[in-house]
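Shown next, in C-alpha cells, is the structure this report addresses.
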Amino acid sequence: MKSNKITLLIAAVLSTVMLSACGNAGSDNNGTNSPKADTNTAGDGKKVELRVAWWGGQARHDKMNKLFDLFEEKHPNISVAREFTTENQYAEKINTQAAGGNAPDVIQTSSFFQHDFVTRDLMLELDPLVETGDLNTADFDPVDIGGGTVNGKLYAMSLGHNINGVLHNTVMFKNAGIELPKINWTWDEYVDAAKALQKSLGADAWATEDEGGVYRTLELFVQQRGKSVFKDKGLGIEKQDLIDWFTFWDQMRKDGLTPPPSIQAEQGDKTQEQSMLARGKVAMISKSSNQLKIYQGSAKDELGIVSYPMDPNGKKEVPLIVASLGITKNSKHPKEAALLINFVVNDPDAAVIFKGEHGPQASKKMQEAIKPLLGAPEEKEYAFIGEMMASSKPYPAMPEGSTSVQKLLLSTNESIAFGKKTIPQAVDEFFQQADQILNR
C-alpha cells in the first residue's frame, strides 16, 4: 500500500510538470511563442483587480481586449475588468461613477474630457509615478506630454495624437464628377461640393451628417474667428457666433444636404461600424484623423481625409487632440494601474496590437516598432497629420462642466432641427443653461 501511494505521488508530480511545460509552449494567433509571465509585478504579488474604462466601436473593443489579455498573461496576479461604451455616453458615465465613489481605476481620456475630469478632482497626478520609474515618458514626443498636462502637472499618458478632419467617400466624389477636396478648402467650396454630391446621391443618401450639435466642429469654426468655445470659467464665444453656426446648419438641412432630423438623431450612440459613412449613406463626416482606419474597416468604398473647411480670411490654426490613459484619484491600486498604463504605451508587444489606434504614438520607439505594420489608411492618416502639424496648437483648456455643455449643444441643435425652437430662442436658452452649468 505504501509503495502504491509513493507511485501515485510521483505520477502526480510528473503530470503537473508536463502540464506546466505544455502551458508555456502555447502560441498566439501569429504562431509566435506566448509571452512568459513577468515576475516583476507591482505590489507584493497579491491578486489585484483593475477596472479599466474606454470608449469606441467594436474594432477598438476587440483591440483593447487583446491588449489586456496579453497584460494579464504577463502579470498573472492582476486581472482587468473591462468597461466599454460609446463616445457620446462616456464622459457622463465616468462623471456619474466618480460622483458615486465608483470610478474605474484606469480611464481613457482625451483633449475633449481631460480638463473637466481634472477640475472635478477625479484624476491622480502622475508626476510622482514618473519620478519613481513606474511610468516612462523618456521617449515621448513633447506634444504628447503636453497633451496629458493640466496646469503644469501630468495627469494622463498619451496613447497618440490626431487632428480633426473631414472623412469623405472618394467614390461618391468621383461619381458626382467633382475633384477631391484639398487641404485648406473654403466654406464655399465645402457647400458647393455638398450640393454637387447631393445631386448625384439622390434621395437615399446625403452629402454630410448634420454637425450643428457637434462640439469639436463648432470649436474649429470659432477658432477661425480667433475664439474658443470655452474660456477659464465660462463660454468664450458670443451669441452671434452660435447664431451663425446654427444658421449655417439650418440652411444645410433646408437644402436637403443632411439627413432628416429623425434619421440624424438615431446616430447618437451608433459605433463607427454602424455609422452612415460606413454604410454609404453620407459622403462626409468630421472626425479625428485616427478614425479614418476604423471607418475604412467597415466601408466598402475608399475613404480619404482633408482639413475642416477654412475661412480664407480667418485663422488657420487647428487644435491637436491627444488621447490618453489616466488613473483615477481614489484608485486603491495606483502602482498596478501605472504598470498597466506603462505596458500599453511602452511595451513593443502592446504596440503591435495597438498599432497607432489614436494616431502616431507618443513613444518614438513604439512608433518605429509598428511602422512596417501600417496599411494604406494609416499612411493617409499620418500624411494628413504631417501636413497639418505645422498649423497645430495645443487643445484649449475647458472648465468643469464643459462635457455637460457639449451635450447641451447637441440637444439644442436637435431642438432647432425638429422645429421646436427658433435659432435666437435656442441660442438664448443655450447661453443661460451653459452659464448655470459652468458657474454652479
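Residues in the C-alpha cells are numbered from 1 in each chain, the chains being A, B, ... in the order shown, and ligands are numbered from 1 in the order shown.
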
**Report entry** Thr403 in chain A environment, 9 Å, only C-alpha atoms, sequence neighbours closer than 6 positions dropped, as a PyMOL selection string
**Finding:** chain A and resi 91-92+112-113+116

Residues just named, written with C-alpha atoms as a PDB file, in the first residue's frame:
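Output below, filename part_34.pdb:
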```pdb
ATOM      1  CA  ALA A  91     -17.839  61.314 -20.156  1.00  0.00           C
ATOM      2  CA  GLU A  92     -21.245  61.431 -18.471  1.00  0.00           C
ATOM      3  CA  PHE A 112     -12.310  66.803 -25.017  1.00  0.00           C
ATOM      4  CA  PHE A 113     -12.727  65.409 -21.488  1.00  0.00           C
ATOM      5  CA  ASP A 116     -13.192  68.579 -16.983  1.00  0.00           C
TER       6      ASP A 116
END
```

**Report entry** Gly326 in chain A surroundings by only C-alpha atoms, 6 Å radius, close-in-sequence under 3 positions cut, as a ChimeraX atom specification
**Finding:** /A:106-107,156

Query raised in the report: For Ala337 in chain A, which of A:Leu129, A:Leu70, A:Val405, A:Leu159 is the closest residue, counting only C-alpha atoms?
Result: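 Counting only C-alpha atoms, the residue closest to Ala337 in chain A is A:Leu129.
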
Requested in this report: For Asn65 in chain A, please output as a PyMOL selection string all residues within 12 Å (counting only C-alpha atoms; exclusion window: fewer than 6 positions along the same chain).
Outcome: chain A and resi 52-54+58-59+71-72+79-84+344+350+353-354

Since we have the selection now, will you write its residues out, keeping N, CA and C atoms, as an mmCIF file, in the first residue's frame?
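Written file, result27.cif:
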```cif
data_model
loop_
_atom_site.group_PDB
_atom_site.id
_atom_site.type_symbol
_atom_site.label_atom_id
_atom_site.label_comp_id
_atom_site.auth_asym_id
_atom_site.auth_seq_id
_atom_site.Cartn_x
_atom_site.Cartn_y
_atom_site.Cartn_z
ATOM 1 N N VAL A 52 -10.943 49.060 -15.865
ATOM 2 C CA VAL A 52 -10.457 49.946 -16.925
ATOM 3 C C VAL A 52 -11.629 50.309 -17.829
ATOM 4 N N ALA A 53 -11.751 51.599 -18.166
ATOM 5 C CA ALA A 53 -12.860 52.070 -18.994
ATOM 6 C C ALA A 53 -12.350 52.784 -20.233
ATOM 7 N N TRP A 54 -13.030 52.577 -21.355
ATOM 8 C CA TRP A 54 -12.704 53.271 -22.601
ATOM 9 C C TRP A 54 -13.958 53.387 -23.450
ATOM 10 N N GLN A 58 -16.664 48.526 -32.090
ATOM 11 C CA GLN A 58 -16.316 47.133 -31.876
ATOM 12 C C GLN A 58 -14.854 46.844 -32.192
ATOM 13 N N ALA A 59 -14.320 47.482 -33.229
ATOM 14 C CA ALA A 59 -12.920 47.243 -33.596
ATOM 15 C C ALA A 59 -11.980 47.630 -32.460
ATOM 16 N N PHE A 71 -1.693 41.575 -21.195
ATOM 17 C CA PHE A 71 -1.218 42.112 -19.917
ATOM 18 C C PHE A 71 -1.454 41.109 -18.790
ATOM 19 N N GLU A 72 -2.627 40.511 -18.757
ATOM 20 C CA GLU A 72 -2.922 39.522 -17.719
ATOM 21 C C GLU A 72 -1.991 38.320 -17.826
ATOM 22 N N SER A 79 -5.874 41.033 -12.649
ATOM 23 C CA SER A 79 -6.957 40.813 -13.613
ATOM 24 C C SER A 79 -7.537 42.165 -14.006
ATOM 25 N N VAL A 80 -8.014 42.263 -15.241
ATOM 26 C CA VAL A 80 -8.523 43.530 -15.772
ATOM 27 C C VAL A 80 -10.016 43.399 -16.048
ATOM 28 N N ALA A 81 -10.824 44.110 -15.265
ATOM 29 C CA ALA A 81 -12.263 44.182 -15.504
ATOM 30 C C ALA A 81 -12.507 45.320 -16.491
ATOM 31 N N ARG A 82 -13.222 45.045 -17.571
ATOM 32 C CA ARG A 82 -13.291 45.962 -18.705
ATOM 33 C C ARG A 82 -14.666 46.592 -18.856
ATOM 34 N N GLU A 83 -14.681 47.924 -18.999
ATOM 35 C CA GLU A 83 -15.919 48.679 -19.127
ATOM 36 C C GLU A 83 -15.842 49.507 -20.407
ATOM 37 N N PHE A 84 -16.807 49.310 -21.279
ATOM 38 C CA PHE A 84 -16.732 49.839 -22.635
ATOM 39 C C PHE A 84 -18.054 50.485 -23.016
ATOM 40 N N VAL A 344 0.839 49.508 -21.896
ATOM 41 C CA VAL A 344 0.140 49.909 -23.121
ATOM 42 C C VAL A 344 0.974 50.870 -23.951
ATOM 43 N N ALA A 350 2.675 45.288 -26.899
ATOM 44 C CA ALA A 350 1.424 46.040 -26.874
ATOM 45 C C ALA A 350 1.305 46.927 -28.106
ATOM 46 N N ILE A 353 -0.138 45.253 -31.102
ATOM 47 C CA ILE A 353 -1.591 45.082 -31.027
ATOM 48 C C ILE A 353 -2.295 46.421 -31.210
ATOM 49 N N PHE A 354 -1.824 47.449 -30.515
ATOM 50 C CA PHE A 354 -2.479 48.757 -30.505
ATOM 51 C C PHE A 354 -2.337 49.476 -31.846
#
```

Query raised in the report: Do you know which residues are at most 12 Å from Thr96 in chain A counting only C-alpha atoms, after dropping those on the same chain fewer than 6 positions away, and could you put them as a list in words?
Result: Gln89, Tyr90, Asn102, Ala103, Pro104, Phe117, Arg120, Leu122 and Ser404 of chain A

I need the chosen residues saved as a tab-separated table (two decimals), in the first residue's frame, with N, CA and C atoms.
```tsv
chain	number	residue	atom	x	y	z
A	89	GLN	N	-21.63	58.59	-24.75
A	89	GLN	CA	-22.08	58.25	-23.39
A	89	GLN	C	-20.95	58.32	-22.37
A	90	TYR	N	-19.71	58.36	-22.85
A	90	TYR	CA	-18.56	58.05	-22.00
A	90	TYR	C	-18.35	59.05	-20.86
A	102	ASN	N	-17.43	55.44	-7.38
A	102	ASN	CA	-17.29	54.13	-8.01
A	102	ASN	C	-16.59	54.23	-9.37
A	103	ALA	N	-15.65	55.15	-9.50
A	103	ALA	CA	-14.95	55.32	-10.78
A	103	ALA	C	-13.98	54.16	-11.01
A	104	PRO	N	-13.75	53.77	-12.26
A	104	PRO	CA	-12.75	52.74	-12.56
A	104	PRO	C	-11.35	53.19	-12.12
A	117	PHE	N	-12.36	66.41	-16.27
A	117	PHE	CA	-12.07	65.36	-15.30
A	117	PHE	C	-11.12	65.87	-14.21
A	120	ARG	N	-12.72	68.39	-11.82
A	120	ARG	CA	-13.63	67.70	-10.90
A	120	ARG	C	-12.87	66.91	-9.83
A	122	LEU	N	-10.97	64.34	-10.22
A	122	LEU	CA	-11.22	62.93	-10.49
A	122	LEU	C	-9.92	62.16	-10.76
A	404	SER	N	-20.79	68.60	-19.97
A	404	SER	CA	-22.25	68.76	-19.93
A	404	SER	C	-22.70	69.79	-20.96
```

Report task. Going by DSSP on the backbone, which bits of range 129-192 of chain A are strand (DSSP E or B)? Write them as a VMD selection string, please. Result -> chain A and resid 140 149 to 150 153 to 154 157 to 169 186

Report task. Identify, on the basis of only C-alpha atoms, every residue whose closest approach to Lys287 in chain A does not exceed 9 Å; exclude the query and any residue fewer than 4 positions from it along the same chain; express the result as a ChimeraX atom specification. Result -> /A:163-167,216-217,291-292

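Nearest residue to Val229 in chain A, choosing from A:Ser391, A:Asn77, A:Gln406, A:Thr412 and counting only C-alpha atoms: A:Gln406.
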
Query raised in the report: So which bits of range 224-434 of chain A end up alpha helix (DSSP H) when you DSSP the backbone, as a ChimeraX atom specification?
Result: /A:239-254,261-265,292-296,334-346,348-354,364-370,376-388,402-417,423-434

Query raised in the report: CA of Met398 in chain A and CA of Leu50 in chain A, how far apart in Å?
Result: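 Pair CA of Leu50 in chain A / CA of Met398 in chain A returns 28.5 Å.
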